[in-house]
>>> print(open('model-v1.txt').read())   # compact mmCIF, C-alpha atoms
# COMPACT_ATOMS: atom_id res chain seq x y z
CA MET A 1 49.48 67.07 118.81
CA ASP A 2 51.23 65.07 116.11
CA HIS A 3 51.47 66.77 112.70
CA LYS A 4 53.90 64.35 111.08
CA THR A 5 51.10 63.11 108.82
CA LEU A 6 48.90 65.50 106.84
CA ASP A 7 45.64 66.17 108.69
CA THR A 8 43.04 66.79 105.98
CA HIS A 9 40.39 69.48 106.41
CA PHE A 10 37.94 68.68 103.60
CA PHE A 11 34.85 69.66 105.63
CA LYS A 12 36.30 71.25 108.75
CA THR A 13 38.48 74.10 109.89
CA LEU A 14 41.06 74.37 112.66
CA PRO A 15 40.14 73.98 116.36
CA ARG A 16 38.60 77.04 117.99
CA LYS A 17 41.71 77.95 120.00
CA TYR A 18 43.74 78.30 116.78
CA LYS A 19 41.00 79.73 114.58
CA GLY A 20 41.60 83.46 115.17
CA ALA A 21 45.39 83.25 114.81
CA TRP A 22 45.03 81.02 111.73
CA ARG A 23 42.64 83.47 110.03
CA ASN A 24 45.01 86.38 110.72
CA TYR A 25 47.90 84.31 109.38
CA TYR A 26 46.34 83.26 106.08
CA THR A 27 44.55 86.57 105.45
CA GLY A 28 47.93 88.27 105.12
CA GLN A 29 49.03 85.59 102.66
CA ASN A 30 45.78 85.87 100.69
CA LEU A 31 46.07 89.63 100.36
CA SER A 32 49.67 89.33 99.15
CA SER A 33 48.57 86.69 96.63
CA VAL A 34 45.80 88.98 95.34
CA LYS A 35 48.27 91.84 94.94
CA VAL A 36 50.79 89.72 93.03
CA ALA A 37 48.17 87.92 90.91
CA SER A 38 46.41 91.16 89.92
CA ALA A 39 49.75 92.70 88.93
CA ILE A 40 50.62 89.66 86.78
CA PHE A 41 47.13 89.62 85.21
CA PHE A 42 47.42 93.34 84.41
CA LEU A 43 50.85 92.85 82.77
CA LEU A 44 49.54 89.84 80.84
CA ASN A 45 46.75 91.95 79.37
CA ILE A 46 49.23 94.71 78.57
CA VAL A 47 51.26 92.15 76.59
CA ILE A 48 48.11 91.04 74.75
CA ARG A 49 47.29 94.67 73.92
CA ILE A 50 50.85 95.16 72.56
CA LEU A 51 50.38 92.08 70.38
CA TYR A 52 47.13 93.57 69.07
CA LEU A 53 49.07 96.67 68.06
CA ALA A 54 52.02 94.73 66.64
CA PHE A 55 49.96 92.25 64.61
CA PRO A 56 46.69 94.05 63.87
CA LEU A 57 45.71 92.30 60.62
CA SER A 58 46.18 88.71 61.75
CA LEU A 59 44.46 89.27 65.11
CA THR A 60 41.62 91.55 64.10
CA ARG A 61 40.46 88.99 61.56
CA ALA A 62 40.31 86.28 64.22
CA GLU A 63 36.94 84.91 65.27
CA ASN A 64 35.24 86.92 68.06
CA PHE A 65 37.94 89.62 67.93
CA PRO A 66 35.58 92.41 69.08
CA GLU A 67 34.74 90.43 72.24
CA PHE A 68 38.44 89.72 72.94
CA ASP A 69 39.29 93.36 72.29
CA LEU A 70 36.65 94.61 74.73
CA THR A 71 37.45 92.09 77.46
CA ASN A 72 41.14 92.96 77.18
CA TRP A 73 40.36 96.57 78.09
CA VAL A 74 37.98 95.46 80.86
CA PHE A 75 40.54 92.99 82.29
CA MET A 76 43.27 95.66 82.32
CA GLY A 77 41.05 98.15 84.13
CA THR A 78 39.65 95.74 86.71
CA SER A 79 43.02 94.07 87.46
CA LEU A 80 44.54 97.52 88.05
CA LEU A 81 41.68 98.36 90.43
CA PHE A 82 42.21 95.07 92.30
CA TYR A 83 45.93 95.83 92.60
CA ILE A 84 45.27 99.31 94.05
CA ALA A 85 42.63 97.94 96.42
CA ALA A 86 44.97 95.13 97.54
CA TYR A 87 47.74 97.66 98.21
CA ILE A 88 45.41 99.76 100.41
CA ILE A 89 43.95 96.77 102.28
CA ILE A 90 47.40 95.28 102.91
CA ASP A 91 48.47 98.59 104.46
CA ILE A 92 45.42 98.45 106.77
CA TYR A 93 46.19 94.81 107.63
CA ASN A 94 49.83 95.60 108.44
CA ARG A 95 48.79 98.37 110.80
CA LYS A 96 46.09 96.35 112.59
CA GLN A 97 47.54 92.85 112.18
CA LYS A 98 43.99 91.54 112.27
CA ALA A 99 41.75 89.96 109.65
CA THR A 100 38.32 91.45 108.97
CA ALA A 101 35.21 90.32 107.11
CA ILE A 102 35.87 92.97 104.43
CA MET A 103 39.29 91.45 103.73
CA ALA A 104 37.77 87.98 103.41
CA LEU A 105 35.06 89.35 101.08
CA PHE A 106 37.71 91.10 98.97
CA VAL A 107 39.66 87.85 98.52
CA PHE A 108 36.42 85.99 97.69
CA ILE A 109 35.43 88.58 95.03
CA PHE A 110 38.90 88.43 93.49
CA SER A 111 38.71 84.61 93.36
CA LEU A 112 35.32 84.79 91.65
CA TYR A 113 36.68 87.46 89.29
CA ILE A 114 39.67 85.38 88.15
CA ILE A 115 37.57 82.25 87.66
CA GLY A 116 34.92 84.32 85.84
CA CYS A 117 37.60 85.77 83.53
CA GLY A 118 38.84 82.30 82.64
CA MET A 119 35.32 81.05 82.14
CA TYR A 120 34.26 83.97 79.93
CA SER A 121 37.43 83.64 77.86
CA SER A 122 36.53 80.00 77.23
CA PHE A 123 33.04 81.05 76.12
CA ILE A 124 34.16 83.72 73.66
CA ALA A 125 36.88 81.45 72.23
CA THR A 126 34.16 79.19 70.85
CA GLY A 127 30.41 78.88 71.02
CA ASP A 128 30.76 75.50 72.75
CA PRO A 129 32.93 76.06 75.87
CA ARG A 130 33.56 72.35 76.50
CA ASN A 131 35.84 72.45 73.47
CA ALA A 132 38.00 75.24 74.92
CA LEU A 133 38.09 74.92 78.74
CA THR A 134 41.82 75.48 79.15
CA LEU A 135 41.50 79.05 80.46
CA TYR A 136 38.64 78.06 82.80
CA LEU A 137 40.76 75.19 84.16
CA ILE A 138 43.83 77.43 84.59
CA ALA A 139 41.77 80.00 86.51
CA LEU A 140 40.41 77.32 88.87
CA THR A 141 43.90 75.94 89.46
CA ILE A 142 45.39 79.36 90.19
CA ILE A 143 42.76 80.17 92.83
CA SER A 144 42.97 76.72 94.45
CA VAL A 145 46.74 77.16 94.92
CA LEU A 146 47.00 80.88 95.69
CA CYS A 147 44.03 81.57 97.98
CA ILE A 148 43.42 79.89 101.32
CA LEU A 149 39.65 79.64 101.74
CA GLU A 150 37.61 78.02 104.49
CA TYR A 151 35.53 75.03 103.34
CA TYR A 152 32.27 77.00 103.50
CA GLU A 153 33.84 79.84 101.49
CA THR A 154 34.98 77.30 98.89
CA ILE A 155 31.48 75.81 98.68
CA ILE A 156 29.90 79.28 98.28
CA LEU A 157 32.48 80.09 95.60
CA ILE A 158 31.68 76.86 93.72
CA ILE A 159 27.94 77.59 93.85
CA SER A 160 28.56 81.15 92.60
CA VAL A 161 30.78 79.90 89.78
CA GLU A 162 28.23 77.28 88.77
CA ILE A 163 25.45 79.91 88.69
CA LEU A 164 27.68 82.16 86.60
CA PHE A 165 28.50 79.26 84.26
CA THR A 166 24.78 78.46 83.84
CA LEU A 167 23.96 82.10 83.07
CA MET A 168 26.68 82.19 80.42
CA LEU A 169 25.31 79.01 78.84
CA ILE A 170 21.85 80.53 78.73
CA PHE A 171 23.21 83.81 77.34
CA SER A 172 25.10 81.95 74.59
CA HIS A 173 21.84 80.16 73.56
CA THR A 174 23.34 76.70 74.05
CA ASP A 175 20.89 73.90 73.16
CA PRO A 176 19.69 71.64 76.05
CA THR A 177 21.90 68.68 75.15
CA GLU A 178 25.07 70.76 74.91
CA MET A 179 24.07 72.49 78.13
CA VAL A 180 23.96 69.14 79.96
CA TYR A 181 27.37 68.16 78.58
CA ASN A 182 28.88 71.49 79.57
CA GLN A 183 27.32 71.34 83.04
CA LEU A 184 28.75 67.84 83.58
CA ILE A 185 32.25 68.98 82.54
CA SER A 186 31.99 72.07 84.76
CA ALA A 187 30.85 69.91 87.69
CA VAL A 188 33.90 67.66 87.25
CA LEU A 189 36.22 70.69 87.11
CA LEU A 190 34.63 72.27 90.19
CA GLY A 191 34.85 68.97 92.07
CA GLY A 192 38.55 68.81 91.27
CA PHE A 193 38.89 72.45 92.28
CA TYR A 194 37.36 71.69 95.70
CA LEU A 195 39.69 68.73 96.32
CA VAL A 196 42.82 70.63 95.25
CA SER A 197 41.79 73.70 97.24
CA ARG A 198 41.18 71.64 100.40
CA TYR A 199 44.46 69.78 99.95
CA PHE A 200 46.43 73.03 99.84
CA PHE A 201 44.37 74.36 102.75
CA SER A 202 45.27 71.24 104.76
CA SER A 203 48.94 71.52 103.85
CA LYS A 204 49.15 75.18 104.90
CA ALA A 205 47.04 74.59 108.02
CA ASN A 206 49.34 71.78 109.17
CA TYR A 207 52.37 74.00 108.54
CA PHE A 208 50.74 76.74 110.64
CA LEU A 209 49.99 74.29 113.47
CA GLN A 210 53.60 73.14 113.42
CA LEU A 211 54.75 76.77 113.73
CA VAL A 212 52.38 77.29 116.67
CA GLU A 213 53.57 74.08 118.31
CA ILE A 214 57.24 75.04 117.89
CA LYS A 215 56.52 78.52 119.29
CA ASP A 216 54.68 77.07 122.30
CA LYS A 217 57.49 74.60 122.97
CA ASN A 218 60.10 77.35 122.73
CA LEU A 219 58.14 79.44 125.24
CA GLU A 220 57.86 76.42 127.53
CA ILE A 221 61.60 75.77 127.23
CA GLU A 222 62.34 79.42 128.05
CA ARG A 223 60.05 79.32 131.09
CA ASN A 224 61.55 76.04 132.30
CA SER A 225 65.07 77.38 131.74
CA GLU A 226 64.27 80.53 133.69
CA LEU A 227 62.72 78.50 136.52
CA LYS A 228 65.68 76.12 136.54
CA GLY A 229 68.08 79.06 136.76
CA GLN A 230 66.11 80.61 139.63
CA LEU A 231 65.99 77.33 141.55
CA LEU A 232 69.67 76.74 140.85
CA GLY A 233 70.56 80.17 142.17
CA MET A 234 68.36 79.78 145.28
CA VAL A 235 69.74 76.36 146.17
CA ALA A 236 73.35 77.38 145.56
CA HIS A 237 72.93 80.57 147.57
CA ASP A 238 71.30 78.76 150.51
CA LEU A 239 74.05 76.14 150.57
CA ARG A 240 76.81 78.69 151.12
CA ASN A 241 75.94 79.42 154.76
CA PRO A 242 75.99 75.81 156.11
CA ILE A 243 79.22 75.07 154.19
CA ALA A 244 80.81 78.25 155.56
CA ALA A 245 79.71 77.16 159.05
CA VAL A 246 81.33 73.72 158.62
CA GLU A 247 84.55 75.34 157.36
CA SER A 248 84.61 77.76 160.32
CA ILE A 249 84.13 74.91 162.80
CA ALA A 250 86.97 72.97 161.17
CA MET A 251 89.26 76.00 161.41
CA MET A 252 88.34 76.52 165.08
CA MET A 253 89.01 72.87 165.88
CA GLU A 254 92.44 73.18 164.25
CA MET A 255 93.35 75.77 166.87
CA ASP A 256 92.96 73.17 169.64
CA ASP A 257 95.53 70.57 170.61
CA ILE A 258 94.56 67.66 168.34
CA ASP A 259 96.23 64.49 167.16
CA ALA A 260 97.53 63.89 163.61
CA ASP A 261 94.53 61.81 162.50
CA THR A 262 92.07 64.46 163.59
CA ARG A 263 94.10 67.18 161.89
CA GLU A 264 94.14 65.12 158.67
CA ASN A 265 90.37 64.72 158.86
CA LEU A 266 89.94 68.44 159.41
CA GLU A 267 92.12 69.14 156.35
CA MET A 268 89.86 66.84 154.33
CA MET A 269 86.81 68.70 155.65
CA LYS A 270 88.31 72.07 154.67
CA ALA A 271 89.29 70.78 151.23
CA SER A 272 85.76 69.45 150.73
CA CYS A 273 84.32 72.80 151.78
CA VAL A 274 86.58 74.61 149.31
CA LYS A 275 85.48 72.24 146.54
CA ALA A 276 81.81 72.66 147.49
CA ARG A 277 82.21 76.44 147.57
CA THR A 278 83.76 76.36 144.10
CA ILE A 279 80.85 74.30 142.79
CA ILE A 280 78.36 76.70 144.39
CA GLU A 281 80.08 79.72 142.83
CA ASP A 282 79.96 78.01 139.43
CA LEU A 283 76.26 77.21 139.89
CA LEU A 284 75.52 80.79 140.87
CA GLU A 285 77.48 82.10 137.89
CA THR A 286 75.58 79.78 135.56
CA ALA A 287 72.25 80.95 136.99
CA ARG A 288 73.27 84.62 136.72
CA ASN A 289 74.37 84.21 133.10
CA GLU A 290 71.09 82.51 132.13
CA ASN A 291 68.79 84.91 133.96
CA THR A 292 70.49 88.27 133.45
CA SER A 293 69.09 90.09 130.44
CA GLU A 294 71.08 93.28 131.15
CA PHE A 295 74.68 92.91 130.05
CA ILE A 296 76.75 96.08 130.32
CA THR A 297 79.93 96.33 128.27
CA GLN A 298 82.54 99.01 127.73
CA LYS A 299 85.20 99.58 125.12
CA THR A 300 88.41 98.07 126.50
CA GLU A 301 91.99 97.83 125.23
CA LEU A 302 92.59 94.08 125.45
CA ASN A 303 96.38 94.03 125.58
CA LYS A 304 96.44 95.97 128.85
CA PHE A 305 93.40 94.11 130.16
CA ILE A 306 95.02 90.68 129.60
CA THR A 307 98.43 91.89 130.82
CA ASP A 308 96.89 92.86 134.17
CA ILE A 309 95.29 89.40 134.46
CA ILE A 310 98.58 87.65 133.65
CA GLU A 311 100.44 89.74 136.24
CA VAL A 312 98.06 88.42 138.90
CA TRP A 313 98.65 84.82 137.80
CA LYS A 314 102.45 84.93 137.59
CA PRO A 315 103.25 84.97 141.35
CA GLN A 316 101.00 81.94 141.84
CA ASN A 317 102.90 79.88 139.21
CA ASN A 318 106.60 80.43 139.73
CA THR A 319 107.59 77.30 137.83
CA LYS A 320 105.40 78.04 134.78
CA ASP A 321 105.75 80.89 132.32
CA ILE A 322 102.73 82.86 131.06
CA GLU A 323 103.49 84.97 128.01
CA LEU A 324 101.40 87.54 126.12
CA ILE A 325 102.03 87.94 122.39
CA SER A 326 100.38 91.05 120.92
CA ARG A 327 99.97 91.01 117.15
CA ALA A 328 97.75 94.09 117.14
CA ILE A 329 98.38 97.21 119.27
CA PRO A 330 96.06 98.70 120.27
CA VAL A 331 93.08 96.36 119.92
CA TYR A 332 89.66 97.18 121.35
CA ALA A 333 86.56 95.15 122.12
CA ASN A 334 83.32 95.92 123.94
CA ILE A 335 83.44 93.64 126.98
CA ASN A 336 82.04 93.28 130.45
CA ASN A 337 85.32 93.49 132.35
CA GLU A 338 84.21 91.44 135.36
CA LYS A 339 82.68 88.65 133.28
CA PHE A 340 85.47 88.54 130.73
CA GLN A 341 88.08 88.36 133.47
CA ARG A 342 86.27 85.18 134.57
CA VAL A 343 86.72 83.85 131.01
CA MET A 344 90.44 84.57 130.93
CA ASP A 345 91.01 83.27 134.47
CA ASN A 346 89.26 80.04 133.59
CA LEU A 347 91.19 79.47 130.36
CA ILE A 348 94.57 80.39 131.86
CA GLY A 349 93.82 78.32 134.96
CA ASN A 350 92.93 75.29 132.83
CA ALA A 351 96.07 75.72 130.72
CA LEU A 352 98.23 75.78 133.86
CA LYS A 353 96.32 72.93 135.48
CA PHE A 354 96.95 70.56 132.57
CA SER A 355 100.55 71.64 131.79
CA LYS A 356 103.71 70.11 133.24
CA GLU A 357 106.27 72.05 135.22
CA LYS A 358 108.53 74.50 133.34
CA THR A 359 106.21 74.67 130.32
CA LYS A 360 104.89 77.83 128.72
CA VAL A 361 101.31 79.08 128.45
CA THR A 362 100.87 81.66 125.68
CA VAL A 363 98.09 84.20 125.24
CA ILE A 364 97.96 85.64 121.70
CA VAL A 365 95.92 88.73 120.77
CA SER A 366 95.34 89.55 117.10
CA LYS A 367 92.82 91.04 114.64
CA ASN A 368 91.26 89.71 111.44
CA ASP A 369 88.35 91.10 109.37
CA ASN A 370 86.86 93.31 112.11
CA GLN A 371 87.26 90.49 114.60
CA VAL A 372 89.42 90.35 117.71
CA ILE A 373 91.02 86.94 118.26
CA ILE A 374 92.28 85.80 121.65
CA GLU A 375 94.10 82.46 121.83
CA VAL A 376 95.19 80.64 124.98
CA LYS A 377 97.76 77.97 124.06
CA ASP A 378 99.48 75.38 126.19
CA SER A 379 101.78 72.42 125.63
CA GLY A 380 100.06 70.21 128.16
CA ILE A 381 98.43 66.80 128.07
CA GLY A 382 95.76 67.80 125.55
CA ILE A 383 92.14 66.74 125.32
CA PRO A 384 91.02 63.31 124.06
CA LYS A 385 89.39 63.50 120.64
CA ASP A 386 86.12 61.94 121.86
CA LYS A 387 85.83 64.62 124.58
CA LEU A 388 86.13 67.65 122.27
CA PRO A 389 82.46 67.74 121.10
CA ILE A 390 81.16 67.89 124.70
CA ILE A 391 83.82 70.01 126.36
CA PHE A 392 81.59 73.12 126.55
CA ASP A 393 78.51 71.26 127.83
CA PRO A 394 77.38 72.01 131.40
CA PHE A 395 78.29 69.26 133.87
CA THR A 396 80.25 67.67 131.06
CA LYS A 397 81.83 64.26 131.46
CA ALA A 398 84.90 65.71 129.77
CA GLY A 399 85.97 67.29 133.05
CA ARG A 400 89.17 65.79 134.48
CA ALA A 401 91.37 66.30 137.49
CA GLY A 402 94.47 68.45 136.95
CA LEU A 403 98.01 67.11 137.02
CA LYS A 404 98.24 67.96 140.74
CA GLY A 405 94.83 66.47 141.50
CA GLU A 406 92.83 69.70 141.08
CA GLN A 407 89.17 68.79 140.81
CA SER A 408 86.76 70.00 138.10
CA THR A 409 83.10 70.91 138.54
CA GLY A 410 82.35 70.41 134.85
CA LEU A 411 80.92 73.92 134.66
CA GLY A 412 83.94 76.13 133.96
CA LEU A 413 84.06 75.93 130.17
CA SER A 414 80.27 76.00 129.98
CA ILE A 415 80.34 79.34 131.83
CA VAL A 416 83.11 80.56 129.52
CA LYS A 417 80.98 79.75 126.47
CA GLN A 418 77.94 81.49 127.98
CA ILE A 419 79.90 84.66 128.66
CA VAL A 420 81.62 84.71 125.26
CA GLU A 421 78.28 84.28 123.47
CA LYS A 422 76.78 87.12 125.52
CA HIS A 423 79.55 89.25 123.97
CA ASP A 424 78.28 88.12 120.50
CA GLY A 425 81.45 86.07 120.21
CA LYS A 426 82.41 82.48 119.57
CA ILE A 427 84.81 80.09 121.27
CA GLU A 428 86.44 77.04 119.71
CA VAL A 429 89.10 74.56 120.72
CA GLU A 430 91.85 72.66 118.96
CA SER A 431 93.69 69.94 120.83
CA GLU A 432 95.86 66.88 120.38
CA GLU A 433 96.69 64.47 123.17
CA GLY A 434 100.24 64.88 124.42
CA LYS A 435 100.79 68.11 122.45
CA GLY A 436 98.52 70.64 124.14
CA SER A 437 95.41 72.68 123.48
CA THR A 438 94.44 76.01 121.97
CA PHE A 439 91.25 77.82 122.99
CA ARG A 440 90.34 80.54 120.51
CA ILE A 441 87.86 83.36 121.22
CA ARG A 442 86.48 85.54 118.40
CA LEU A 443 84.89 88.85 119.40
CA PRO A 444 83.54 91.75 117.32
CA GLU A 445 86.05 94.59 117.22
CA GLY A 446 85.13 97.47 119.51
CA SER A 447 83.66 100.58 117.94
>>> encode(input="model-v1.txt", output="structure tokens")
Amino acid sequence: MDHKTLDTHFFKTLPRKYKGAWRNYYTGQNLSSVKVASAIFFLLNIVIRILYLAFPLSLTRAENFPEFDLTNWVFMGTSLLFYIAAYIIIDIYNRKQKATAIMALFVFIFSLYIIGCGMYSSFIATGDPRNALTLYLIALTIISVLCILEYYETIILIISVEILFTLMLIFSHTDPTEMVYNQLISAVLLGGFYLVSRYFFSSKANYFLQLVEIKDKNLEIERNSELKGQLLGMVAHDLRNPIAAVESIAMMMEMDDIDADTRENLEMMKASCVKARTIIEDLLETARNENTSEFITQKTELNKFITDIIEVWKPQNNTKDIELISRAIPVYANINNEKFQRVMDNLIGNALKFSKEKTKVTVIVSKNDNQVIIEVKDSGIGIPKDKLPIIFDPFTKAGRAGLKGEQSTGLGLSIVKQIVEKHDGKIEVESEEGKGSTFRIRLPEGS
């Protein structure tokens, strides 16, 4: 359904499948509008009453003062009653989250009340209301903007207002000619009221349909993402056994007396199996991160945690130095130790993979404004500027082979980002070609 252009609803409502949700949606808005409008109308009449007290002589001598004086008291009382009723009905609506016929009737009566107040004020301002229709027009405008009414409710309201207008004309003893003029002017105003009311109805209805469409698409995306993760996990899991079988056969064949060419081919097979197994593990990790809602963390002292990880890496990289710089001791964060070790292993591994021999990789731990900051810095080949925006994308084209030919699956940094975000953290990168890279993780400080 395309809602880019305004779909007008001058003589129709929303499709049946949206009708119930739409009525619940706009009933809450209508009730809030009644509550606010009745409060403003009450305060407005309070102000008028204060003016009566402050300037009694000038106002009491005005034409039709007794009628204004009486209606002021009536308007104050009725607006206060509407406010109290709106407060009670809103409480019922909030508990049930469902529109009822009584709520719709309450909004309709309030709409008729406001229009009737404006109309009566126009009548008592002068014997000929067509000379003083400002208040009547204001009342119609307020209701057309504030209250969302179905087209049949609007038509019933217009008929009721017209009957009320006719009764007031008769009560004021208007002569037949003036009555015709006034009826024509009222008909024009009510016609404008209907058009404005339906325009705002259409605008709000289209906004509601867009919200429903966005919600449905988000649910569809979530379902598709969950299905994709499940399929990804199933396929990756099922691939492990045949690859393990191929690797085992290659290792068994190596034990036989074979020529150099065969041995070289077997080495290629084993290397391919290792690469495939790495890809499978990354796919499984991606699927687990997307599908696992439970994420258990524990308060961990990061300096010791990272020191233990570095100690494991050091024997594997005799020609490269890995250094930890602690700028905050102790520093705690709530982390999933297994998952976050994967993050650190990936970042340290990447730093080593893209650094030359006898260069230093530095891990810096610090704190700032209730945040824990972990930086992994290297002085390697850096990342091209055009690759930086996509470096955390899954299966990214930014993946490159290491300086010793180490292959990349394009999933490592995507997994890192997933895990960091599950910790309510953020990861960012700064890099310059030929000068190295810095990956910076920000985590909430542990409590």
>>> residues_around(input="model-v1.txt", residues="Tyr120 of chain A", least_positions_apart="2", cutoff="10 Å", atoms="only C-alpha atoms", output="list in words")
Phe68, Thr71, Ile114, Ile115, Gly116, Cys117, Gly118, Ser122, Phe123, Ile124, Ala125, Pro129, Leu133, Leu135, Tyr136, Leu164, Phe165 and Met168 of chain A
>>> atom_distance(input="model-v1.txt", atom1="atom CA of Val361 of chain A", atom2="atom CA of Lys377 of chain A")
5.8 Å
>>> closest_residue(input="model-v1.txt", among="A:Asn346, A:Ile258, A:Gly382, A:Gln418", to="Glu430 of chain A", atoms="only C-alpha atoms")
A:Gly382
>>> closest_atom_pairs(input="model-v1.txt", of="segment 332-414 of chain A", to="segment 302-306 of chain A", cutoff="10 Å", atoms="only C-alpha atoms", output="JSON lines")
{"residue": "A:Tyr332", "atom": "CA", "partner": "A:Leu302", "partner_atom": "CA", "distance": 5.9}
{"residue": "A:Ala333", "atom": "CA", "partner": "A:Leu302", "partner_atom": "CA", "distance": 7.0}
{"residue": "A:Asn334", "atom": "CA", "partner": "A:Leu302", "partner_atom": "CA", "distance": 9.6}
{"residue": "A:Ile335", "atom": "CA", "partner": "A:Leu302", "partner_atom": "CA", "distance": 9.3}
{"residue": "A:Asn337", "atom": "CA", "partner": "A:Phe305", "partner_atom": "CA", "distance": 8.4}
{"residue": "A:Phe340", "atom": "CA", "partner": "A:Phe305", "partner_atom": "CA", "distance": 9.7}
{"residue": "A:Gln341", "atom": "CA", "partner": "A:Ile306", "partner_atom": "CA", "distance": 8.3}
{"residue": "A:Met344", "atom": "CA", "partner": "A:Ile306", "partner_atom": "CA", "distance": 7.8}
{"residue": "A:Asp345", "atom": "CA", "partner": "A:Ile306", "partner_atom": "CA", "distance": 9.7}
{"residue": "A:Val363", "atom": "CA", "partner": "A:Ile306", "partner_atom": "CA", "distance": 8.4}
{"residue": "A:Ile364", "atom": "CA", "partner": "A:Asn303", "partner_atom": "CA", "distance": 9.4}
{"residue": "A:Val365", "atom": "CA", "partner": "A:Asn303", "partner_atom": "CA", "distance": 7.2}
{"residue": "A:Ser366", "atom": "CA", "partner": "A:Asn303", "partner_atom": "CA", "distance": 9.6}
{"residue": "A:Val372", "atom": "CA", "partner": "A:Leu302", "partner_atom": "CA", "distance": 9.2}
{"residue": "A:Ile374", "atom": "CA", "partner": "A:Leu302", "partner_atom": "CA", "distance": 9.1}
>>> atom_distance(input="model-v1.txt", atom1="atom CA of Val145 of chain A", atom2="atom CA of Ala101 of chain A")
21.3 Å
>>> atom_distance(input="model-v1.txt", atom1="atom CA of Glu301 of chain A", atom2="atom CA of Gly446 of chain A")
8.9 Å
>>> residues_around(input="model-v1.txt", residues="Phe82 of chain A", least_positions_apart="3", cutoff="12 Å", atoms="only C-alpha atoms", output="ChimeraX atom specification")
/A:31-42,75-79,85-90,106-107,109-111,113-114
>>> residues_near_point(input="model-v1.txt", point="(50.9, 73.5, 117.9)", cutoff="12 Å", atoms="all atoms listed in the file", output="list in words")
Met1, Asp2, His3, Lys4, Leu14, Pro15, Lys17, Tyr18, Ala21, Trp22, Ala205, Asn206, Tyr207, Phe208, Leu209, Gln210, Leu211, Val212, Glu213, Ile214, Lys215, Asp216, Lys217, Asn218 and Leu219 of chain A
>>> residues_around(input="model-v1.txt", residues="Met179 of chain A", least_positions_apart="4", cutoff="9 Å", atoms="all atoms listed in the file", output="ChimeraX atom specification")
/A:166,169-170,174-175,183-184
>>> write_last_selection(input="model-v1.txt", atoms="C-alpha atoms", output="PDB file, keeping the file's coordinate frame")
ATOM      1  CA  THR A 166      24.780  78.460  83.840  1.00  0.00           C
ATOM      2  CA  LEU A 169      25.310  79.010  78.840  1.00  0.00           C
ATOM      3  CA  ILE A 170      21.850  80.530  78.730  1.00  0.00           C
ATOM      4  CA  THR A 174      23.340  76.700  74.050  1.00  0.00           C
ATOM      5  CA  ASP A 175      20.890  73.900  73.160  1.00  0.00           C
ATOM      6  CA  GLN A 183      27.320  71.340  83.040  1.00  0.00           C
ATOM      7  CA  LEU A 184      28.750  67.840  83.580  1.00  0.00           C
TER       8      LEU A 184
END
>>> residues_near_point(input="model-v1.txt", point="(80.0, 84.9, 131.5)", cutoff="6 Å", atoms="all atoms listed in the file", output="list in words")
Asn289, Lys339, Ile415, Val416, Gln418 and Ile419 of chain A
>>> closest_residue(input="model-v1.txt", among="A:Trp73, A:Phe354, A:Phe11, A:Tyr25", to="Leu44 of chain A", atoms="all atoms listed in the file")
A:Trp73
>>> closest_residue(input="model-v1.txt", among="A:Glu357, A:Asp91, A:Glu428, A:Glu226", to="Ile381 of chain A", atoms="all atoms listed in the file")
A:Glu357
>>> closest_residue(input="model-v1.txt", among="A:Arg198, A:Thr27, A:Ile383, A:Leu112", to="Ser160 of chain A", atoms="all atoms listed in the file")
A:Leu112
>>> residues_around(input="model-v1.txt", residues="Leu137 of chain A", least_positions_apart="5", cutoff="10 Å", atoms="only C-alpha atoms", output="PDB file with C-alpha atoms, in the frame of the given file")
ATOM      1  CA  ILE A 115      37.570  82.250  87.660  1.00  0.00           C
ATOM      2  CA  GLY A 118      38.840  82.300  82.640  1.00  0.00           C
ATOM      3  CA  MET A 119      35.320  81.050  82.140  1.00  0.00           C
ATOM      4  CA  SER A 122      36.530  80.000  77.230  1.00  0.00           C
ATOM      5  CA  ALA A 132      38.000  75.240  74.920  1.00  0.00           C
ATOM      6  CA  ILE A 142      45.390  79.360  90.190  1.00  0.00           C
ATOM      7  CA  SER A 186      31.990  72.070  84.760  1.00  0.00           C
ATOM      8  CA  LEU A 189      36.220  70.690  87.110  1.00  0.00           C
ATOM      9  CA  LEU A 190      34.630  72.270  90.190  1.00  0.00           C
ATOM     10  CA  GLY A 192      38.550  68.810  91.270  1.00  0.00           C
ATOM     11  CA  PHE A 193      38.890  72.450  92.280  1.00  0.00           C
TER      12      PHE A 193
END
